[in-house]
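Student: Input file: entry_31.cif. Contents: mmCIF, C-alpha atoms and all ligand atoms.
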```cif
data_upload
#
loop_
_atom_site.label_atom_id
_atom_site.label_comp_id
_atom_site.auth_asym_id
_atom_site.auth_seq_id
_atom_site.Cartn_x
_atom_site.Cartn_y
_atom_site.Cartn_z
CA MET A 1 97.63 165.20 82.24
CA ASP A 2 100.27 162.48 82.09
CA GLU A 3 102.92 165.19 81.98
CA CYS A 4 101.80 166.32 85.43
CA VAL A 5 102.14 162.82 86.75
CA ARG A 6 105.69 162.48 85.42
CA THR A 7 106.99 165.96 86.17
CA PRO A 8 106.38 168.48 88.97
CA CYS A 9 103.35 170.51 87.96
CA SER A 10 101.18 172.98 89.80
CA ARG A 11 98.02 171.93 87.90
CA VAL A 12 97.32 168.61 89.68
CA THR A 13 94.00 167.15 88.58
CA ARG A 14 91.82 164.71 90.52
CA THR A 15 92.91 161.85 88.21
CA ASP A 16 96.56 162.72 88.83
CA SER A 17 96.26 162.66 92.57
CA GLY A 18 94.27 159.40 92.30
CA LEU A 19 97.09 157.84 90.28
CA HIS A 20 99.63 159.06 92.80
CA ALA A 21 97.62 157.63 95.67
CA ILE A 22 97.34 154.23 93.98
CA SER A 23 101.00 154.19 92.99
CA TYR A 24 101.97 155.13 96.56
CA ALA A 25 99.68 152.49 98.11
CA PHE A 26 101.07 149.70 95.91
CA GLN A 27 104.61 151.11 95.73
CA VAL A 28 104.59 151.00 91.91
CA PRO A 29 105.56 153.65 89.30
CA THR A 30 103.12 156.41 88.30
CA ASN A 31 103.29 155.66 84.52
CA LYS A 32 99.83 154.20 83.78
CA ASN A 33 100.97 151.04 81.96
CA PHE A 34 103.64 150.17 84.50
CA LEU A 35 101.22 151.04 87.27
CA LEU A 36 98.64 148.53 86.05
CA LEU A 37 101.26 145.82 85.52
CA GLY A 38 102.77 146.56 88.93
CA ILE A 39 99.39 146.39 90.65
CA ARG A 40 98.57 143.07 88.93
CA VAL A 41 101.90 141.56 90.08
CA ARG A 42 101.40 142.83 93.65
CA LEU A 43 97.82 141.57 93.77
CA ARG A 44 98.96 138.12 92.56
CA LYS A 45 101.57 138.11 95.34
CA ILE A 46 98.96 139.08 97.93
CA GLN A 47 96.59 136.38 96.59
CA PHE A 48 99.35 133.75 96.79
CA TYR A 49 100.19 134.91 100.32
CA TRP A 50 96.56 134.56 101.50
CA GLN A 51 96.25 131.13 99.90
CA TRP A 52 99.38 130.12 101.81
CA VAL A 53 97.89 131.43 105.09
CA ARG A 54 94.56 129.66 104.40
CA ASN A 55 96.46 126.43 103.66
CA GLY A 56 98.03 126.54 107.12
CA TYR A 57 101.44 128.00 106.18
CA GLY A 58 102.39 124.85 104.26
CA VAL A 59 104.95 124.44 101.47
CA PRO A 60 105.92 126.05 99.21
CA ALA A 61 106.08 129.35 101.07
CA PRO A 62 105.81 132.62 99.12
CA GLN A 63 109.04 134.17 97.92
CA THR A 64 108.85 136.96 100.53
CA VAL A 65 108.83 134.35 103.32
CA LYS A 66 111.87 132.57 101.81
CA LEU A 67 113.69 135.90 101.59
CA SER A 68 112.95 136.57 105.24
CA VAL A 69 114.58 133.22 106.11
CA LEU A 70 117.65 134.19 104.08
CA SER A 71 117.76 137.53 105.92
CA ARG A 72 117.41 135.92 109.34
CA TYR A 73 119.89 133.07 108.99
CA GLY A 74 122.30 134.23 106.28
CA TYR A 75 124.90 136.94 106.81
CA LEU A 76 123.13 139.45 104.63
CA ASP A 77 125.86 142.03 104.19
CA GLY A 78 128.69 139.55 103.52
CA THR A 79 129.39 137.40 100.46
CA TRP A 80 126.63 135.25 98.93
CA VAL A 81 126.94 132.33 96.53
CA GLU A 82 123.77 131.09 94.88
CA SER A 83 123.47 127.93 92.80
CA GLY A 84 120.57 128.14 90.34
CA THR A 85 119.94 131.75 89.30
CA TYR A 86 116.67 131.16 87.43
CA LEU A 87 115.11 134.64 86.88
CA GLY A 88 117.51 136.31 89.30
CA GLN A 89 114.80 137.35 91.77
CA THR A 90 116.64 136.21 94.88
CA THR A 91 119.92 137.35 93.32
CA GLU A 92 118.51 140.87 92.96
CA PHE A 93 117.31 140.88 96.57
CA LEU A 94 120.78 139.81 97.73
CA ALA A 95 122.54 142.23 95.40
CA ARG A 96 120.83 145.12 97.18
CA LYS A 97 122.13 144.02 100.58
CA ALA A 98 125.35 142.00 100.22
CA SER A 99 128.90 143.14 99.60
CA GLN A 100 129.31 140.51 96.88
CA VAL A 101 126.96 138.06 95.11
CA ILE A 102 128.04 135.21 92.83
CA THR A 103 125.31 133.20 91.15
CA ILE A 104 125.73 130.08 89.00
CA GLU A 105 123.31 128.96 86.28
CA PRO A 106 123.78 126.40 83.46
CA SER A 107 120.98 127.58 81.16
CA HIS A 108 122.43 130.01 78.59
CA GLU A 109 119.06 131.70 78.13
CA LEU A 110 118.59 132.30 81.86
CA VAL A 111 122.17 133.54 82.21
CA THR A 112 121.62 136.08 79.43
CA ARG A 113 118.42 137.33 81.08
CA ALA A 114 119.97 137.47 84.54
CA ARG A 115 123.05 139.35 83.32
CA LYS A 116 120.79 141.97 81.74
CA LYS A 117 118.60 142.27 84.83
CA LEU A 118 121.53 142.46 87.23
CA SER A 119 123.89 144.61 85.17
CA LYS A 120 123.12 147.67 87.34
CA PHE A 121 124.68 145.97 90.37
CA GLY A 122 128.46 146.30 90.44
CA ASN A 123 128.75 143.67 93.19
CA THR A 124 127.11 140.77 91.32
CA ARG A 125 128.56 138.14 88.97
CA VAL A 126 126.57 135.58 86.99
CA ILE A 127 128.62 132.50 86.11
CA GLU A 128 127.40 130.24 83.31
CA GLY A 129 127.97 126.58 84.19
CA LEU A 130 127.11 123.71 86.50
CA SER A 131 127.47 124.43 90.18
CA GLU A 132 129.13 121.05 90.86
CA PHE A 133 132.08 122.35 88.74
CA GLU A 134 131.91 126.13 89.22
CA LEU A 135 131.21 126.46 92.95
CA PRO A 136 134.30 124.52 94.14
CA LYS A 137 136.52 126.77 92.00
CA LEU A 138 135.26 129.93 93.75
CA LEU A 139 135.72 128.96 97.35
CA SER A 140 139.42 129.68 97.84
CA GLY A 141 138.75 133.34 96.91
CA LEU A 142 136.07 133.94 99.56
CA SER A 143 136.65 135.47 102.99
CA GLY A 144 134.78 137.08 105.90
CA ASP A 145 131.13 136.08 106.33
CA VAL A 146 130.04 133.71 103.57
CA SER A 147 126.49 132.47 102.90
CA PHE A 148 125.25 129.97 100.34
CA TRP A 149 121.80 129.68 98.79
CA LEU A 150 121.93 126.18 97.28
CA ASP A 151 119.00 125.97 94.91
CA GLY A 152 120.37 124.54 91.65
CA HIS A 153 118.05 121.92 90.21
CA ALA A 154 115.62 121.36 87.35
CA SER A 155 112.34 123.23 87.87
CA GLY A 156 110.58 122.59 84.57
CA GLY A 157 110.12 125.02 81.69
CA ILE A 158 113.35 126.46 80.41
CA THR A 159 115.34 125.44 83.49
CA TYR A 160 118.27 123.05 83.09
CA GLY A 161 118.48 119.38 83.96
CA ARG A 162 116.44 116.32 84.93
CA PRO A 163 114.40 116.12 88.16
CA GLU A 164 116.70 113.47 89.67
CA ASP A 165 119.88 115.56 89.17
CA THR A 166 121.34 117.80 91.88
CA PRO A 167 124.81 119.22 92.50
CA ILE A 168 124.27 119.22 96.27
CA ARG A 169 126.72 116.42 97.21
CA GLU A 170 129.61 118.06 95.33
CA GLU A 171 128.65 121.50 96.69
CA LEU A 172 128.63 120.33 100.32
CA LYS A 173 131.85 118.34 99.94
CA ALA A 174 133.64 121.41 98.55
CA ILE A 175 132.19 123.82 101.16
CA ALA A 176 133.25 121.54 104.04
CA LYS A 177 136.92 121.93 103.06
CA TYR A 178 136.77 125.72 103.50
CA LEU A 179 134.46 126.19 106.46
CA GLU A 180 137.27 126.84 108.92
CA ARG A 181 138.59 129.73 106.85
CA TRP A 182 135.47 131.81 107.11
CA GLU A 183 134.57 133.86 110.17
CA ARG A 184 130.91 132.99 109.89
CA ALA A 185 129.12 130.82 107.37
CA ALA A 186 125.53 129.88 106.57
CA ILE A 187 124.48 127.18 104.14
CA LEU A 188 120.81 127.36 103.15
CA ILE A 189 119.40 124.51 101.04
CA ASP A 190 115.98 124.94 99.49
CA ASP A 191 113.25 122.28 99.09
CA PHE A 192 114.20 120.16 102.11
CA ARG A 193 111.02 118.10 101.57
CA GLY A 194 112.45 116.92 98.23
CA PHE A 195 115.32 115.11 99.94
CA GLY A 196 114.75 111.41 100.63
CA ALA A 197 113.56 109.96 103.92
CA ARG A 198 116.15 108.36 106.23
CA GLY A 199 118.57 106.27 104.15
CA ALA A 200 116.37 106.57 101.06
CA ASP A 201 118.49 108.34 98.47
CA GLN A 202 116.56 109.51 95.42
CA GLY A 203 118.56 109.95 92.23
CA ASP A 204 121.52 112.15 93.17
CA TYR A 205 119.64 113.49 96.20
CA PRO A 206 121.03 112.52 99.60
CA SER A 207 118.55 111.81 102.37
CA ARG A 208 117.40 114.45 104.87
CA SER A 209 119.36 112.66 107.60
CA ASP A 210 122.51 112.91 105.41
CA LEU A 211 122.13 116.69 105.50
CA VAL A 212 121.84 116.62 109.27
CA SER A 213 124.91 114.35 109.52
CA TRP A 214 126.87 116.70 107.25
CA ALA A 215 126.05 119.63 109.57
CA ASP A 216 126.95 117.60 112.68
CA GLU A 217 130.24 116.36 111.21
CA ASN A 218 131.21 119.94 110.42
CA GLU A 219 130.19 121.18 113.88
CA LEU A 220 127.48 123.45 112.51
CA ASN A 221 124.18 124.37 114.10
CA TRP A 222 121.23 123.42 111.97
CA THR A 223 117.51 124.06 111.69
CA VAL A 224 114.72 123.82 109.13
CA GLN A 225 112.56 126.87 108.39
CA HIS A 226 109.86 126.94 105.73
CA ASP A 227 111.30 123.94 103.86
CA ILE A 228 114.82 125.42 103.91
CA PHE A 229 117.58 123.40 105.61
CA ILE A 230 119.99 125.79 107.28
CA ALA A 231 123.42 124.91 108.65
CA TYR A 232 125.36 127.76 110.20
CA LYS A 233 128.20 128.85 112.46
C1 LIG B 1 114.50 126.69 91.66
S1 LIG B 1 115.38 127.49 90.38
C2 LIG B 1 116.35 128.66 91.24
C3 LIG B 1 115.55 129.78 91.86
C4 LIG B 1 116.41 130.91 92.39
N1 LIG B 1 117.52 130.43 93.18
C5 LIG B 1 115.57 131.84 93.23
O1 LIG B 1 115.70 131.84 94.47
O2 LIG B 1 114.77 132.58 92.67
C6 LIG B 1 116.58 126.28 89.96
C7 LIG B 1 117.59 126.73 88.90
O3 LIG B 1 118.73 125.84 88.98
C8 LIG B 1 119.25 125.68 87.69
N2 LIG B 1 120.09 124.46 87.72
C9 LIG B 1 119.79 123.20 87.35
N3 LIG B 1 120.85 122.38 87.51
C10 LIG B 1 121.85 123.14 88.02
C11 LIG B 1 123.20 122.88 88.39
N4 LIG B 1 123.73 121.67 88.30
N5 LIG B 1 123.96 123.92 88.85
C12 LIG B 1 123.42 125.17 88.96
N6 LIG B 1 122.17 125.47 88.63
C13 LIG B 1 121.38 124.48 88.16
C14 LIG B 1 118.01 125.60 86.82
O4 LIG B 1 118.30 125.88 85.47
C15 LIG B 1 117.10 126.63 87.47
O5 LIG B 1 117.23 127.89 86.83
#
```
For the file at hand, write its structure as structure tokens.
Ligand SMILES: C[S@@+](CC[C@H](N)C(=O)[O-])C[C@H]1O[C@@H](n2cnc3c(N)ncnc32)[C@H](O)[C@@H]1O

Tutor:
Amino acid sequence: MDECVRTPCSRVTRTDSGLHAISYAFQVPTNKNFLLLGIRVRLRKIQFYWQWVRNGYGVPAPQTVKLSVLSRYGYLDGTWVESGTYLGQTTEFLARKASQVITIEPSHELVTRARKKLSKFGNTRVIEGLSEFELPKLLSGLSGDVSFWLDGHASGGITYGRPEDTPIREELKAIAKYLERWERAAILIDDFRGFGARGADQGDYPSRSDLVSWADENELNWTVQHDIFIAYK
């Protein structure tokens, strides 16, 4: 019976067509084990989405909502630089759309996983290191439309660093030097709520008003969408 599910077969049973219907509805593979795993993951996503709606669209937003912000404000088919690869979920999304994706991650374990996951994409490079050192080195080689997803910070578990550490000051300082070179640019910074109140720096984190000043000084438009600070031209 499984053979019929995997290969074209004239003898389609009721169970087969049921499996196909479920796999089509949830957009998951027809293999039974993968199908169940896929359905569980999708259902968890739907559950998280509804919790978010019931909680009044607060923070954090589901991953799909964050990706829609990246799609709306970033230049999706240009070059993307991401700091903080983690499991490579956003990297994979970008790899499918962008001409080039460069992602930076200091955790050796996460880099190994991400390289494996992303190896099928010829347009994607995973750099092992700290963004405060690696990102500035890349910038002179970028041209056209360039977007940044700045998301490198400790997030517990096997992620790198201490909660008070962030490469954001060095990243923004380096990006500012190159902004004029690029036709269009978008700088998206996640977890805006984690930045300090006016004048109240926290650890290495600048304040929210420092981010606004940085955008103003560099003559960029700015907005905040779903806890993501976005500066763009
Ligand atoms: C919130 S996760 C990134 C999530 C990912 N960008 C996504 O959208 O799915 C933060 C990641 O940043 C990494 N990280 C911590 N310090 C960093 C630094 N200085 N430079 C680059 N990445 C860093 C952590 O190891 C962790 O994997």

Student: Can you report as lines of an AutoDock Vina configuration file the centre and edge lengths in Å, to one decimal, of an axis-aligned box around the listed atoms of ligand LIG 1 (chain B) padded with 8 Å on each side?

Tutor:
```
center_x = 119.2
center_y = 127.1
center_z = 90.0
size_x = 25.5
size_y = 26.9
size_z = 25.0
```

Student: Separation of atom N1 of ligand LIG 1 (chain B) and CA of Gly56 (chain A), in Å?

Tutor: 24.3 Å

Student: How would you write, as number ranges by chain, the set of residues no farther than 8 Å from ligand LIG 1 (chain B) when counting all atoms listed in the file?

Tutor: A: 63, 82-91, 104-107, 110, 129-132, 149-155, 158-162, 165-167

Student: How about saving the chosen residues, C-alpha atoms kept, as a compact mmCIF listing (two decimals), in the frame of the given file?

Tutor:
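Result saved to selection-v2.txt:
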```
# COMPACT_ATOMS: atom_id res chain seq x y z
CA GLN A 63 109.04 134.17 97.92
CA GLU A 82 123.77 131.09 94.88
CA SER A 83 123.47 127.93 92.80
CA GLY A 84 120.57 128.14 90.34
CA THR A 85 119.94 131.75 89.30
CA TYR A 86 116.67 131.16 87.43
CA LEU A 87 115.11 134.64 86.88
CA GLY A 88 117.51 136.31 89.30
CA GLN A 89 114.80 137.35 91.77
CA THR A 90 116.64 136.21 94.88
CA THR A 91 119.92 137.35 93.32
CA ILE A 104 125.73 130.08 89.00
CA GLU A 105 123.31 128.96 86.28
CA PRO A 106 123.78 126.40 83.46
CA SER A 107 120.98 127.58 81.16
CA LEU A 110 118.59 132.30 81.86
CA GLY A 129 127.97 126.58 84.19
CA LEU A 130 127.11 123.71 86.50
CA SER A 131 127.47 124.43 90.18
CA GLU A 132 129.13 121.05 90.86
CA TRP A 149 121.80 129.68 98.79
CA LEU A 150 121.93 126.18 97.28
CA ASP A 151 119.00 125.97 94.91
CA GLY A 152 120.37 124.54 91.65
CA HIS A 153 118.05 121.92 90.21
CA ALA A 154 115.62 121.36 87.35
CA SER A 155 112.34 123.23 87.87
CA ILE A 158 113.35 126.46 80.41
CA THR A 159 115.34 125.44 83.49
CA TYR A 160 118.27 123.05 83.09
CA GLY A 161 118.48 119.38 83.96
CA ARG A 162 116.44 116.32 84.93
CA ASP A 165 119.88 115.56 89.17
CA THR A 166 121.34 117.80 91.88
CA PRO A 167 124.81 119.22 92.50
```

Student: Quick one, how far is CA of Arg184 (chain A) from CA of Asp145 (chain A)?

Tutor: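 Distance reported for this atom pair: 4.7 Å.
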
Student: Might you pull out every residue within 8 Å of Tyr75 (chain A), with only C-alpha atoms counted and same-chain residues fewer than 3 positions away left off, and present them as an mmCIF file with C-alpha atoms, in the coordinates of the input?

Tutor:
```
data_model
loop_
_atom_site.group_PDB
_atom_site.id
_atom_site.type_symbol
_atom_site.label_atom_id
_atom_site.label_comp_id
_atom_site.auth_asym_id
_atom_site.auth_seq_id
_atom_site.Cartn_x
_atom_site.Cartn_y
_atom_site.Cartn_z
ATOM 1 C CA SER A 71 117.760 137.530 105.920
ATOM 2 C CA ARG A 72 117.410 135.920 109.340
ATOM 3 C CA GLY A 78 128.690 139.550 103.520
ATOM 4 C CA THR A 79 129.390 137.400 100.460
ATOM 5 C CA ASP A 145 131.130 136.080 106.330
ATOM 6 C CA VAL A 146 130.040 133.710 103.570
ATOM 7 C CA SER A 147 126.490 132.470 102.900
ATOM 8 C CA ARG A 184 130.910 132.990 109.890
ATOM 9 C CA ALA A 185 129.120 130.820 107.370
ATOM 10 C CA ALA A 186 125.530 129.880 106.570
#
```
